[in-house]
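K.L.:
Have a peek at final-v8.cif (mmCIF, C-alpha atoms and all ligand atoms).
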data_upload
#
loop_
_atom_site.label_atom_id
_atom_site.label_comp_id
_atom_site.auth_asym_id
_atom_site.auth_seq_id
_atom_site.Cartn_x
_atom_site.Cartn_y
_atom_site.Cartn_z
CA MET B 3 0.00 0.00 0.00
CA ARG B 4 2.87 2.40 0.84
CA ALA B 5 4.24 2.39 -2.74
CA ALA B 6 0.81 3.16 -4.19
CA VAL B 7 0.33 6.01 -1.71
CA LYS B 8 3.76 7.38 -2.62
CA ALA B 9 2.99 7.29 -6.36
CA ALA B 10 -0.35 9.04 -5.87
CA ARG B 11 1.35 11.68 -3.70
CA SER B 12 3.83 12.64 -6.37
CA ASN B 13 1.00 13.78 -8.70
CA LEU B 14 -0.73 15.87 -6.06
CA ARG B 15 -1.39 19.56 -6.30
CA GLN B 16 -2.72 22.21 -3.93
CA ARG B 17 -6.49 22.27 -4.42
CA ALA B 18 -8.49 25.28 -3.25
CA ASP B 19 -11.71 23.35 -3.92
CA TYR B 20 -10.64 20.86 -1.22
CA THR B 21 -10.25 23.54 1.48
CA HIS B 22 -12.57 25.79 3.47
CA LYS B 23 -12.13 28.46 0.72
CA TYR B 24 -14.63 26.56 -1.45
CA ASN B 25 -17.17 26.70 1.41
CA LEU B 26 -17.18 30.50 1.49
CA ARG B 27 -19.35 30.63 -1.62
CA THR B 28 -21.78 27.92 -0.67
CA GLY B 29 -24.80 29.16 1.31
CA ARG B 30 -24.90 28.19 4.98
CA HIS B 31 -21.51 26.50 4.62
CA GLY B 32 -20.09 29.98 4.06
CA TRP B 33 -21.65 31.64 7.11
CA LEU B 34 -18.48 31.74 9.21
CA ARG B 35 -14.98 30.64 8.53
CA LEU B 36 -12.81 28.26 10.49
CA THR B 37 -9.45 27.82 8.78
CA PRO B 38 -9.19 24.08 9.37
CA ALA B 39 -12.73 23.45 8.13
CA TYR B 40 -12.53 20.96 5.32
CA SER B 41 -14.22 21.34 2.01
CA VAL B 42 -17.89 20.65 1.41
CA LYS B 43 -16.74 19.11 -1.85
CA ILE B 44 -14.83 16.27 -0.18
CA VAL B 45 -17.80 15.55 2.04
CA GLU B 46 -20.26 15.65 -0.86
CA GLU B 47 -18.11 13.22 -2.84
CA LEU B 48 -17.87 10.80 0.07
CA ILE B 49 -21.60 10.96 0.81
CA ALA B 50 -22.43 10.38 -2.85
CA ALA B 51 -20.04 7.41 -3.02
CA ALA B 52 -21.62 5.84 0.08
CA GLU B 53 -25.09 5.45 -1.38
CA GLY B 54 -27.44 3.57 0.93
CA ARG B 55 -25.64 4.70 4.09
CA GLU B 56 -27.85 7.31 5.69
CA ARG B 57 -26.97 7.48 9.37
CA VAL B 58 -24.05 9.87 9.22
CA PHE B 59 -21.82 10.82 12.15
CA ASP B 60 -19.03 13.37 12.61
CA PRO B 61 -17.28 13.18 16.00
CA PHE B 62 -15.40 16.48 15.39
CA CYS B 63 -18.10 18.88 14.25
CA GLY B 64 -16.13 22.12 13.84
CA THR B 65 -18.32 24.29 11.65
CA ALA B 66 -20.67 21.32 10.97
CA THR B 67 -19.63 20.77 7.35
CA THR B 68 -20.46 17.04 7.49
CA GLY B 69 -23.68 17.44 9.48
CA LEU B 70 -25.05 20.14 7.19
CA SER B 71 -24.12 18.29 3.97
CA ALA B 72 -25.70 15.08 5.26
CA ALA B 73 -28.88 16.97 6.24
CA TYR B 74 -29.02 18.54 2.74
CA HIS B 75 -28.85 15.01 1.33
CA GLY B 76 -31.95 14.16 3.39
CA HIS B 77 -29.97 11.98 5.83
CA THR B 78 -30.28 11.75 9.61
CA ALA B 79 -26.96 12.90 11.00
CA ALA B 80 -25.34 13.58 14.37
CA THR B 81 -22.16 15.34 15.33
CA THR B 82 -20.29 16.01 18.55
CA GLU B 83 -18.10 18.97 19.47
CA ILE B 84 -16.26 20.02 22.63
CA ASN B 85 -16.46 23.77 22.00
CA ARG B 86 -19.83 25.28 23.02
CA PHE B 87 -19.52 28.09 20.50
CA LEU B 88 -19.20 25.59 17.65
CA VAL B 89 -22.14 23.60 19.04
CA TRP B 90 -24.19 26.82 18.89
CA LEU B 91 -22.97 27.54 15.35
CA GLY B 92 -23.63 23.96 14.19
CA GLN B 93 -27.16 24.08 15.61
CA ALA B 94 -27.74 27.43 13.89
CA LYS B 95 -26.46 26.10 10.55
CA THR B 96 -28.51 22.90 10.58
CA ALA B 97 -31.77 24.39 11.94
CA HIS B 98 -34.99 24.77 9.96
CA TYR B 99 -36.14 28.36 9.50
CA SER B 100 -39.71 29.37 8.61
CA ARG B 101 -40.64 32.21 6.28
CA SER B 102 -41.77 34.26 9.24
CA ASN B 103 -38.42 33.67 11.02
CA ILE B 104 -36.73 35.18 7.97
CA ALA B 105 -39.11 38.14 7.62
CA ASP B 106 -38.91 38.83 11.38
CA THR B 107 -35.10 38.75 11.26
CA ARG B 108 -35.08 41.30 8.44
CA ASP B 109 -37.39 43.57 10.45
CA ALA B 110 -35.32 43.11 13.61
CA CYS B 111 -32.17 44.06 11.65
CA GLU B 112 -33.76 47.36 10.55
CA VAL B 113 -35.01 48.19 14.06
CA ALA B 114 -31.59 47.39 15.53
CA LEU B 115 -29.78 49.57 12.96
CA SER B 116 -32.13 52.46 13.57
CA LEU B 117 -31.48 52.24 17.34
CA VAL B 118 -27.74 52.28 16.61
CA LYS B 119 -28.03 55.23 14.26
CA ARG B 120 -29.95 57.30 16.78
CA GLU B 121 -27.73 55.99 19.62
CA LYS B 122 -30.93 55.07 21.44
CA ILE B 123 -29.31 52.01 22.95
CA SER B 124 -26.74 51.26 25.63
CA PRO B 125 -23.60 49.69 24.20
CA VAL B 126 -22.60 46.30 25.62
CA ALA B 127 -19.42 46.21 27.69
CA GLU B 128 -16.20 45.86 25.75
CA PRO B 129 -15.44 42.13 25.41
CA PRO B 130 -12.42 41.17 27.56
CA ILE B 131 -10.17 40.39 24.57
CA HIS B 132 -6.49 40.97 25.24
CA ASN B 133 -5.21 44.05 23.40
CA ILE B 134 -8.61 44.76 21.84
CA ASN B 135 -7.47 47.88 19.97
CA ARG B 136 -5.24 45.69 17.89
CA TRP B 137 -8.39 44.01 16.65
CA TRP B 138 -10.68 46.97 16.01
CA PRO B 139 -10.12 50.71 15.52
CA SER B 140 -12.02 52.60 18.24
CA ARG B 141 -14.90 53.73 15.98
CA SER B 142 -15.54 50.21 14.72
CA LEU B 143 -15.44 48.93 18.28
CA ALA B 144 -17.98 51.57 19.35
CA PHE B 145 -20.26 50.55 16.46
CA LEU B 146 -20.04 46.84 17.32
CA ARG B 147 -20.83 47.50 20.99
CA LEU B 148 -23.93 49.47 20.04
CA LEU B 149 -25.00 46.91 17.44
CA LYS B 150 -24.63 44.00 19.89
CA GLY B 151 -26.67 45.95 22.45
CA ALA B 152 -29.36 46.62 19.83
CA ILE B 153 -29.55 42.94 18.74
CA ASP B 154 -29.96 41.90 22.38
CA GLU B 155 -32.66 44.55 22.82
CA VAL B 156 -34.80 43.72 19.76
CA THR B 157 -34.69 39.88 19.85
CA LYS B 158 -35.55 37.25 22.46
CA GLY B 159 -32.80 35.00 23.88
CA GLY B 160 -32.71 31.66 22.02
CA SER B 161 -35.00 32.88 19.20
CA ALA B 162 -34.25 32.14 15.54
CA GLU B 163 -34.10 35.91 14.91
CA ARG B 164 -31.41 36.43 17.54
CA THR B 165 -29.40 33.45 16.30
CA LEU B 166 -29.45 34.63 12.69
CA LEU B 167 -28.53 38.21 13.60
CA GLN B 168 -25.72 36.93 15.82
CA VAL B 169 -24.29 34.91 12.92
CA ALA B 170 -24.40 38.06 10.77
CA PHE B 171 -22.86 40.03 13.66
CA CYS B 172 -19.95 37.55 13.75
CA ARG B 173 -19.36 38.14 10.03
CA THR B 174 -19.44 41.91 10.50
CA LEU B 175 -17.06 41.90 13.44
CA ILE B 176 -14.49 40.05 11.34
CA ASP B 177 -15.11 42.33 8.32
CA LEU B 178 -14.39 45.33 10.55
CA SER B 179 -11.37 43.83 12.25
CA ASN B 180 -7.68 43.88 11.43
CA ALA B 181 -7.56 40.10 11.39
CA ALA B 182 -6.10 38.51 8.28
CA PHE B 183 -6.94 34.92 7.41
CA ASN B 184 -4.44 34.34 4.66
CA HIS B 185 -2.27 32.00 6.71
CA GLN B 186 -2.93 28.63 8.24
CA SER B 187 -4.08 30.47 11.35
CA MET B 188 -5.34 33.96 11.90
CA SER B 189 -2.91 36.91 12.16
CA PHE B 190 -3.14 40.70 11.97
CA LYS B 191 -2.99 42.87 8.90
CA GLY B 192 -0.18 45.39 8.68
CA GLU B 193 -2.41 48.43 8.76
CA THR B 194 -5.40 49.42 10.75
CA LYS B 195 -8.51 49.30 8.61
CA GLN B 196 -10.07 52.75 8.49
CA LEU B 197 -13.50 53.09 6.99
CA SER B 198 -13.63 55.77 4.37
CA LEU B 199 -16.98 57.36 5.15
CA ASP B 200 -19.13 57.68 8.19
CA ILE B 201 -18.49 54.59 10.33
CA GLY B 202 -22.17 54.28 11.27
CA LEU B 203 -23.26 54.39 7.62
CA ASP B 204 -20.56 52.10 6.21
CA ALA B 205 -20.78 49.57 8.96
CA ALA B 206 -24.58 49.54 8.73
CA VAL B 207 -24.30 48.74 5.02
CA LEU B 208 -21.85 45.98 5.84
CA PHE B 209 -24.11 44.49 8.52
CA ARG B 210 -27.14 44.61 6.20
CA GLN B 211 -25.13 42.72 3.56
CA ASP B 212 -24.11 40.15 6.14
CA VAL B 213 -27.73 39.73 7.25
CA ASP B 214 -28.75 39.25 3.59
CA PHE B 215 -26.05 36.62 3.09
CA VAL B 216 -27.09 34.73 6.20
CA LEU B 217 -30.80 34.91 5.34
CA ASN B 218 -30.19 33.64 1.80
CA GLY B 219 -28.63 30.55 3.37
CA ALA B 220 -31.37 30.28 6.00
CA GLU B 221 -34.02 30.11 3.25
CA GLU B 222 -32.47 26.84 2.01
CA ASN B 223 -33.73 24.39 4.62
CA PRO B 224 -32.23 20.90 4.59
CA SER B 225 -34.71 18.06 4.05
CA GLY B 226 -32.89 15.84 6.56
CA SER B 227 -31.64 16.67 10.04
CA CYS B 228 -28.55 16.81 12.17
CA ALA B 229 -28.27 16.67 15.97
CA VAL B 230 -25.34 18.80 17.14
CA ILE B 231 -24.30 17.57 20.58
CA GLU B 232 -21.85 19.09 23.05
CA GLY B 233 -19.45 16.40 24.23
CA ASP B 234 -16.03 14.83 24.20
CA ALA B 235 -15.24 12.51 21.28
CA ARG B 236 -13.22 10.34 23.70
CA ASP B 237 -16.48 9.45 25.49
CA LEU B 238 -18.81 8.65 22.62
CA PRO B 239 -20.69 5.64 24.05
CA LYS B 240 -21.75 7.83 27.02
CA ILE B 241 -23.08 10.59 24.77
CA LEU B 242 -24.81 8.85 21.88
CA LYS B 243 -26.90 5.86 20.93
CA GLY B 244 -25.30 3.78 18.19
CA GLY B 245 -26.24 2.63 14.73
CA PHE B 246 -24.21 5.00 12.51
CA ASP B 247 -23.23 3.56 9.15
CA LEU B 248 -21.09 6.39 7.76
CA VAL B 249 -18.47 8.51 9.55
CA ILE B 250 -16.90 11.46 7.73
CA THR B 251 -14.69 13.66 9.84
CA SER B 252 -11.59 15.77 10.05
CA PRO B 253 -10.17 15.38 13.54
CA PRO B 254 -7.80 17.99 14.96
CA TYR B 255 -4.43 17.61 13.27
CA ALA B 256 -1.23 17.05 15.24
CA ASN B 257 0.05 20.46 14.20
CA ARG B 258 -0.41 22.64 17.31
CA MET B 259 -3.28 24.56 15.75
CA SER B 260 -5.49 26.06 18.45
CA TYR B 261 -9.17 26.33 17.50
CA ILE B 262 -9.80 28.50 20.54
CA ARG B 263 -7.17 30.96 19.41
CA GLU B 264 -8.82 31.10 15.97
CA LEU B 265 -12.31 31.48 17.34
CA ARG B 266 -11.69 33.80 20.24
CA PRO B 267 -13.12 36.99 18.69
CA TYR B 268 -16.51 35.33 18.17
CA MET B 269 -16.36 33.53 21.49
CA TYR B 270 -15.64 36.66 23.54
CA TRP B 271 -18.24 38.81 21.78
CA LEU B 272 -20.99 36.20 22.15
CA GLY B 273 -20.12 35.46 25.78
CA PHE B 274 -18.76 31.90 25.28
CA LEU B 275 -15.44 32.99 26.83
CA GLU B 276 -14.81 35.41 29.67
CA ASN B 277 -11.08 35.23 30.27
CA GLY B 278 -7.77 33.84 29.06
CA ARG B 279 -7.68 31.15 31.74
CA ASP B 280 -10.95 29.61 30.48
CA ALA B 281 -9.60 29.78 26.93
CA GLY B 282 -6.49 27.81 27.99
CA GLU B 283 -8.62 25.25 29.90
CA LEU B 284 -10.79 24.64 26.85
CA ASP B 285 -7.71 24.25 24.67
CA TRP B 286 -6.33 21.68 27.11
CA ALA B 287 -9.64 19.78 27.10
CA SER B 288 -9.57 19.71 23.28
CA ILE B 289 -7.48 17.14 21.43
CA GLY B 290 -4.27 18.67 20.08
CA GLY B 291 -4.45 21.91 22.10
CA THR B 292 -1.23 23.61 23.21
CA TRP B 293 -2.30 27.17 23.92
CA GLY B 294 -1.80 28.93 27.29
CA VAL B 295 -2.15 26.57 30.25
CA ALA B 296 -2.14 23.57 27.89
CA THR B 297 1.59 24.13 27.27
CA SER B 298 2.62 23.95 30.93
CA ARG B 299 0.35 20.92 31.52
CA LEU B 300 1.99 19.11 28.61
CA THR B 301 5.42 19.57 30.16
CA GLU B 302 4.26 17.55 33.19
CA TRP B 303 2.15 15.04 31.23
CA LYS B 304 3.21 11.36 31.41
CA PRO B 305 2.38 8.75 28.76
CA ASN B 306 0.00 5.93 29.68
CA GLY B 307 1.53 2.60 28.62
CA ASP B 308 -1.91 0.94 28.21
CA LYS B 309 -2.85 3.17 25.35
CA TYR B 310 -1.58 3.27 21.76
CA ARG B 311 2.08 2.43 21.35
CA CYS B 312 4.01 1.22 18.33
CA ASN B 313 7.69 1.09 17.46
CA ALA B 314 7.45 3.48 14.51
CA LEU B 315 5.83 6.10 16.72
CA ARG B 316 8.39 5.54 19.49
CA ASP B 317 11.25 6.20 17.03
CA ILE B 318 9.59 9.41 15.83
CA LEU B 319 9.02 10.60 19.39
CA GLU B 320 12.70 10.03 20.14
CA GLY B 321 13.66 12.02 17.03
CA ILE B 322 11.47 14.95 18.09
CA ALA B 323 12.70 14.83 21.70
CA HIS B 324 16.37 14.97 20.60
CA LYS B 325 18.43 17.17 22.94
CA ASP B 326 19.31 19.61 20.11
CA ASN B 327 15.63 20.51 19.66
CA ALA B 328 14.84 23.37 22.03
CA ASN B 329 11.26 22.29 22.87
CA GLY B 330 11.75 18.71 21.74
CA ALA B 331 10.63 17.01 24.97
CA LEU B 332 7.48 19.13 25.14
CA LEU B 333 6.56 18.46 21.52
CA ALA B 334 7.24 14.74 21.84
CA ASN B 335 4.74 14.76 24.73
CA TYR B 336 2.34 16.71 22.55
CA VAL B 337 2.48 14.10 19.79
CA ALA B 338 2.30 11.13 22.21
CA LYS B 339 -0.75 12.61 23.94
CA TYR B 340 -2.39 13.35 20.60
CA PHE B 341 -2.27 9.67 19.62
CA GLU B 342 -3.42 8.51 23.06
CA ASP B 343 -6.45 10.78 22.72
CA ILE B 344 -7.26 9.61 19.18
CA TRP B 345 -6.85 5.98 20.28
CA GLU B 346 -9.37 6.57 23.10
CA HIS B 347 -11.73 8.16 20.60
CA LEU B 348 -11.48 5.31 18.06
CA LYS B 349 -11.96 2.67 20.75
CA GLY B 350 -15.24 4.25 21.83
CA LEU B 351 -16.36 4.91 18.26
CA ARG B 352 -16.64 1.15 17.59
CA ASN B 353 -19.53 0.94 20.08
CA ILE B 354 -21.72 3.34 18.17
CA LEU B 355 -21.20 1.93 14.69
CA ALA B 356 -23.48 -0.40 12.76
CA GLU B 357 -22.02 -3.55 11.21
CA ASP B 358 -20.23 -2.66 7.93
CA ALA B 359 -20.12 1.04 8.78
CA SER B 360 -17.70 2.95 6.61
CA VAL B 361 -15.39 5.53 8.23
CA HIS B 362 -13.34 8.33 6.65
CA TYR B 363 -10.74 10.33 8.58
CA ILE B 364 -9.43 13.32 6.64
CA VAL B 365 -6.03 13.96 8.22
CA GLY B 366 -2.92 15.95 7.45
CA ASN B 367 0.64 14.92 8.33
CA SER B 368 3.06 17.34 9.99
CA THR B 369 6.74 17.90 10.73
CA PHE B 370 8.56 18.68 13.97
CA TYR B 371 12.19 19.82 13.72
CA GLY B 372 12.37 18.24 10.29
CA VAL B 373 11.01 14.90 11.57
CA VAL B 374 8.01 13.95 9.41
CA LEU B 375 5.07 12.60 11.39
CA PRO B 376 3.08 10.32 9.02
CA VAL B 377 -0.21 10.82 10.83
CA HIS B 378 -2.13 8.92 8.13
CA GLU B 379 -0.06 5.79 8.70
CA PHE B 380 -0.75 5.83 12.42
CA TYR B 381 -4.49 6.29 11.85
CA ALA B 382 -4.43 3.30 9.48
CA ASP B 383 -2.47 1.29 12.05
CA MET B 384 -4.80 2.20 14.92
CA LEU B 385 -7.90 1.30 12.90
CA ARG B 386 -6.36 -2.06 11.97
CA ARG B 387 -5.43 -2.85 15.58
CA LEU B 388 -8.95 -1.95 16.71
CA GLY B 389 -10.50 -4.51 14.35
CA PHE B 390 -11.48 -2.36 11.36
CA VAL B 391 -10.97 -3.94 7.91
CA ASP B 392 -10.48 -2.76 4.30
CA ILE B 393 -8.15 0.03 5.42
CA GLY B 394 -7.38 2.54 2.66
CA VAL B 395 -5.11 5.62 2.50
CA ARG B 396 -5.81 8.08 -0.32
CA PRO B 397 -3.81 11.30 -0.74
CA LEU B 398 -6.18 14.22 -1.43
CA ARG B 399 -4.13 17.39 -1.84
CA LYS B 400 -0.90 19.13 -0.96
CA ARG B 401 -1.52 21.37 2.06
CA ASN B 402 0.93 24.07 0.98
CA SER B 403 4.05 24.49 -1.06
CA LYS B 404 6.05 22.13 1.22
CA LYS B 405 6.05 18.86 -0.66
CA GLU B 406 5.83 16.65 2.41
CA LEU B 407 2.64 18.23 3.82
CA VAL B 408 -0.31 16.33 2.41
CA GLU B 409 -3.94 15.70 3.36
CA PHE B 410 -5.22 12.10 3.21
CA ASP B 411 -8.48 10.23 3.43
CA VAL B 412 -7.88 7.26 5.73
CA SER B 413 -10.85 4.93 5.32
CA ALA B 414 -11.95 1.63 6.85
CA VAL B 415 -14.96 -0.62 7.40
CA TRP B 416 -16.19 -1.78 10.79
CA LYS B 417 -16.89 -5.50 11.27
CA ARG B 418 -17.89 -6.93 14.62
CA ILE B 419 -16.17 -10.28 14.99
C1 LIG V 1 -10.36 20.03 12.17
S1 LIG V 1 -11.65 20.67 13.17
C2 LIG V 1 -13.09 20.08 12.35
C3 LIG V 1 -13.44 20.93 11.19
C4 LIG V 1 -14.74 20.52 10.55
N1 LIG V 1 -14.61 19.33 9.75
C5 LIG V 1 -15.26 21.66 9.71
O1 LIG V 1 -15.42 21.45 8.49
O2 LIG V 1 -15.42 22.76 10.23
C6 LIG V 1 -11.60 19.66 14.60
C7 LIG V 1 -12.66 20.00 15.64
O3 LIG V 1 -12.56 19.04 16.71
C8 LIG V 1 -12.94 19.70 17.91
N2 LIG V 1 -12.45 18.89 19.05
C9 LIG V 1 -11.21 18.86 19.57
N3 LIG V 1 -11.14 17.99 20.59
C10 LIG V 1 -12.39 17.44 20.71
C11 LIG V 1 -12.95 16.45 21.56
N4 LIG V 1 -12.21 15.87 22.52
N5 LIG V 1 -14.24 16.12 21.39
C12 LIG V 1 -15.00 16.71 20.42
N6 LIG V 1 -14.53 17.67 19.60
C13 LIG V 1 -13.23 18.02 19.72
C14 LIG V 1 -12.31 21.07 17.78
O4 LIG V 1 -12.95 22.00 18.65
C15 LIG V 1 -12.52 21.37 16.29
O5 LIG V 1 -13.71 22.08 16.11
#
Mind turning the file's structure into C-alpha cells?
Ligand SMILES: C[S@@+](CC[C@H](N)C(=O)[O-])C[C@H]1O[C@@H](n2cnc3c(N)ncnc32)[C@H](O)[C@@H]1O
P.N.:
Amino acid sequence: MRAAVKAARSNLRQRADYTHKYNLRTGRHGWLRLTPAYSVKIVEELIAAAEGRERVFDPFCGTATTGLSAAYHGHTAATTEINRFLVWLGQAKTAHYSRSNIADTRDACEVALSLVKREKISPVAEPPIHNINRWWPSRSLAFLRLLKGAIDEVTKGGSAERTLLQVAFCRTLIDLSNAAFNHQSMSFKGETKQLSLDIGLDAAVLFRQDVDFVLNGAEENPSGSCAVIEGDARDLPKILKGGFDLVITSPPYANRMSYIRELRPYMYWLGFLENGRDAGELDWASIGGTWGVATSRLTEWKPNGDKYRCNALRDILEGIAHKDNANGALLANYVAKYFEDIWEHLKGLRNILAEDASVHYIVGNSTFYGVVLPVHEFYADMLRRLGFVDIGVRPLRKRNSKKELVEFDVSAVWKRI
C-alpha cells in the first residue's frame, strides 16, 4: 500500500476546492470561517459514493460541514463537538427556518440599525479580549458594541431571529477587524482598517449585507436533520446511541493549531469565553491543544503505557525529543498525547457503529524539527489494531508548497467479529 500512496502523492497539487475556501461561496456552509474546516466538496463526494448509508456521524463537528451536507442530502446525521460556540454555530447552521423567522429577522435588523443610528441604545461592555485595539479601531469597536446591544434589545434569547442576527454580527465583526486569514491560522494585517466614510453608515451597510447573506442561506432548509451535541469525542458511548453507518470527519491535526485561538473573537463577543484562563482550559480539554495553560500541563504530562504504542511512533518521538531541539521534549509529549487521545476516541467509536459502517478520517501529516510525522499511517495502524478492515489511505491534496505536507483520506470498514 505504501508504494501506491507514494505514487499518488507525487501527482498531487494544492487544491483550493478541497479547502474551506470553497465553502465561502456555498450558502450556509459559508456563514463563518474556520481555517481548518474541510471542504464541502470532499464531504459531498464521500456521501455520494456511500449510497445507501444514511446514518451519518461526525465526531469532530467544527463548523458542521459534514452534518449540514448530510442533512441537505436528506440523511439523519449527528455530530459532537467540545467547543460550546461551535455547538451553537452547528445548531444554527442545521436548523430549519420558517418564512416568518426570515421576515422577522429582516425587520429586527432594521429596528436594531435604527437604534444604533440614533444611539438610542446602551452599548454592551467591551469584550475582555487581550489588546482589543489591535483588533478593532475605536470607531468600529464603538459601532459593534452598540450593534450588539441593539440585537440583544430587539430579539428574544434563544429565538431564531437572535441566532441569525448573531451569525451576521460575527461576520461583521471580522469584516471590521484587522484580522487577516491568509495563513494557516489567523494573524493581523499590517495596517489598521479605516473606513472611508461615516463609520455608522458604512458599517450599517456591511451588517445589512451580512444579514442578507445569512438569510439567503437560512431560506435553504435541509430536508434531513442533524443533531449537534456538546461532548467529548473520547467518550462517545456515554453521549450517543449507536447505529451509525457512515463517519466522515476531520479530527484535529497534530500540528499545534489552536481552535480557541482562531475562534476567540466570536467567542468573547458572544459570551462563550470570559477570560484567558478559560480559553487555555478549553484548549487543554480539546485534542491537540497547546495554547496557554495547555503548554505547561503538557510539560508535566506522562504517557500511559496501556494506550496506543508502536515502534514506529516511538522512534519518531525520540527524534522529536532529541536534545538539540529546544522544545523537543514538550513536543514529543504533545504528539504522544495526541495519539493517546485519538486511540481513546477510536476505541469508543466502535460501540456506536453499525455492522459494515464505513469511516473516513481526513487527516494531514506534519513535521517537527524536520522529523516527518506520518499521521495517516498511524491512523491506518490504529484502525487495523482496533479490528477495522479494508483500510485505505488516499492522498487528497498538498496542504501548501512544502512537498511533504499532504492531506489524506484514511478509510476503513467496521466488522464486529
Ligand atoms: C479540524 S476541526 C473540524 C473541522 C470541521 N470538519 C469543519 O469542516 O469545520 C476539529 C474540531 O474538533 C474539535 N475537538 C477537539 N477535541 C475534541 C474532543 N475531545 N471532542 C469533540 N470535539 C473536539 C475542535 O474543537 C474542532 O472544532
K.L.:
Chain B near ligand LIG 1 (chain V) within 8 Å: what's each residue's closest atom pair and its distance in Å to one decimal, counting all atoms listed in the file, ordered by chain then ascending residue number, as a Markdown table?
P.N.:
| residue | atom | partner | partner_atom | distance |
| --- | --- | --- | --- | --- |
| B:His22 | CA | V:LIG1 | O1 | 7.2 |
| B:Leu36 | CA | V:LIG1 | O2 | 6.1 |
| B:Thr37 | CA | V:LIG1 | O2 | 8.0 |
| B:Pro38 | CA | V:LIG1 | C1 | 5.1 |
| B:Ala39 | CA | V:LIG1 | O1 | 3.4 |
| B:Tyr40 | CA | V:LIG1 | O1 | 4.3 |
| B:Ser41 | CA | V:LIG1 | O1 | 6.6 |
| B:Val42 | CA | V:LIG1 | O1 | 7.5 |
| B:Asp60 | CA | V:LIG1 | N1 | 8.0 |
| B:Pro61 | CA | V:LIG1 | C12 | 6.1 |
| B:Phe62 | CA | V:LIG1 | O3 | 4.0 |
| B:Cys63 | CA | V:LIG1 | C4 | 5.3 |
| B:Gly64 | CA | V:LIG1 | O5 | 3.3 |
| B:Thr65 | CA | V:LIG1 | O2 | 3.6 |
| B:Ala66 | CA | V:LIG1 | O2 | 5.5 |
| B:Thr67 | CA | V:LIG1 | O1 | 4.4 |
| B:Thr68 | CA | V:LIG1 | N1 | 6.7 |
| B:Thr82 | CA | V:LIG1 | C12 | 5.7 |
| B:Glu83 | CA | V:LIG1 | N6 | 3.8 |
| B:Ile84 | CA | V:LIG1 | C12 | 4.2 |
| B:Asn85 | CA | V:LIG1 | O4 | 5.2 |
| B:Leu88 | CA | V:LIG1 | O5 | 6.7 |
| B:Glu232 | CA | V:LIG1 | C12 | 7.7 |
| B:Gly233 | CA | V:LIG1 | C12 | 5.9 |
| B:Asp234 | CA | V:LIG1 | N5 | 3.6 |
| B:Ala235 | CA | V:LIG1 | N5 | 3.7 |
| B:Arg236 | CA | V:LIG1 | N4 | 5.7 |
| B:Thr251 | CA | V:LIG1 | N1 | 5.7 |
| B:Ser252 | CA | V:LIG1 | N1 | 4.7 |
| B:Pro253 | CA | V:LIG1 | C6 | 4.6 |
| B:Pro254 | CA | V:LIG1 | C6 | 4.2 |
| B:Tyr255 | CA | V:LIG1 | C1 | 6.5 |
| B:Tyr261 | CA | V:LIG1 | O4 | 5.9 |
| B:Ile262 | CA | V:LIG1 | O4 | 7.5 |
| B:Ala287 | CA | V:LIG1 | N4 | 6.5 |
| B:Ser288 | CA | V:LIG1 | N3 | 3.6 |
| B:Ile289 | CA | V:LIG1 | N3 | 3.9 |
| B:Gly290 | CA | V:LIG1 | N3 | 6.9 |
| B:Gly291 | CA | V:LIG1 | C9 | 7.8 |
| B:Asp343 | CA | V:LIG1 | N4 | 7.7 |
| B:His347 | CA | V:LIG1 | N4 | 8.0 |
K.L.:
Do a neighbour search on Ala152 of chain B at 12 Å with all atoms listed in the file, toss out local chain neighbours closer than 6 positions, and write the hits as a PDB file with C-alpha atoms, in the frame of the given file.
P.N.:
ATOM      1  CA  ALA B 110     -35.320  43.110  13.610  1.00  0.00           C
ATOM      2  CA  CYS B 111     -32.170  44.060  11.650  1.00  0.00           C
ATOM      3  CA  GLU B 112     -33.760  47.360  10.550  1.00  0.00           C
ATOM      4  CA  VAL B 113     -35.010  48.190  14.060  1.00  0.00           C
ATOM      5  CA  ALA B 114     -31.590  47.390  15.530  1.00  0.00           C
ATOM      6  CA  LEU B 115     -29.780  49.570  12.960  1.00  0.00           C
ATOM      7  CA  SER B 116     -32.130  52.460  13.570  1.00  0.00           C
ATOM      8  CA  LEU B 117     -31.480  52.240  17.340  1.00  0.00           C
ATOM      9  CA  VAL B 118     -27.740  52.280  16.610  1.00  0.00           C
ATOM     10  CA  LYS B 119     -28.030  55.230  14.260  1.00  0.00           C
ATOM     11  CA  ARG B 120     -29.950  57.300  16.780  1.00  0.00           C
ATOM     12  CA  GLU B 121     -27.730  55.990  19.620  1.00  0.00           C
ATOM     13  CA  LYS B 122     -30.930  55.070  21.440  1.00  0.00           C
ATOM     14  CA  ILE B 123     -29.310  52.010  22.950  1.00  0.00           C
ATOM     15  CA  SER B 124     -26.740  51.260  25.630  1.00  0.00           C
ATOM     16  CA  PRO B 125     -23.600  49.690  24.200  1.00  0.00           C
ATOM     17  CA  VAL B 126     -22.600  46.300  25.620  1.00  0.00           C
ATOM     18  CA  PHE B 145     -20.260  50.550  16.460  1.00  0.00           C
ATOM     19  CA  LEU B 146     -20.040  46.840  17.320  1.00  0.00           C
ATOM     20  CA  LYS B 158     -35.550  37.250  22.460  1.00  0.00           C
ATOM     21  CA  ARG B 164     -31.410  36.430  17.540  1.00  0.00           C
ATOM     22  CA  LEU B 167     -28.530  38.210  13.600  1.00  0.00           C
ATOM     23  CA  GLN B 168     -25.720  36.930  15.820  1.00  0.00           C
ATOM     24  CA  PHE B 171     -22.860  40.030  13.660  1.00  0.00           C
TER      25      PHE B 171
END
K.L.:
Which is closer to Lys150 of chain B than all the others in B:Gly273, B:Gly244, B:Gly32, B:Gly226, using all atoms listed in the file?
P.N.:
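Among B:Gly273, B:Gly244, B:Gly32, B:Gly226, it is B:Gly273 that comes nearest to Lys150 of chain B.
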K.L.:
Which is closer to Arg30 of chain B than all the others in B:Gly92, B:Pro239, B:Gly219, B:Gly160, using only C-alpha atoms?
P.N.:
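For Arg30 of chain B, the nearest of the candidates is B:Gly219.
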K.L.:
Check the smallest atom-to-atom distance from each of B:Gly245, B:Gly366, B:Gly321, B:Gly350 to Leu398 of chain B using all atoms listed in the file, then report the winner.
P.N.:
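Between B:Gly245, B:Gly366, B:Gly321, B:Gly350, the residue approaching Leu398 of chain B most closely is B:Gly366.
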K.L.:
Near His362 of chain B, within 12 Å and counting only C-alpha atoms, which residues show up once chain neighbours fewer than 5 positions away are dropped, as a count of residues only?
P.N.:
37
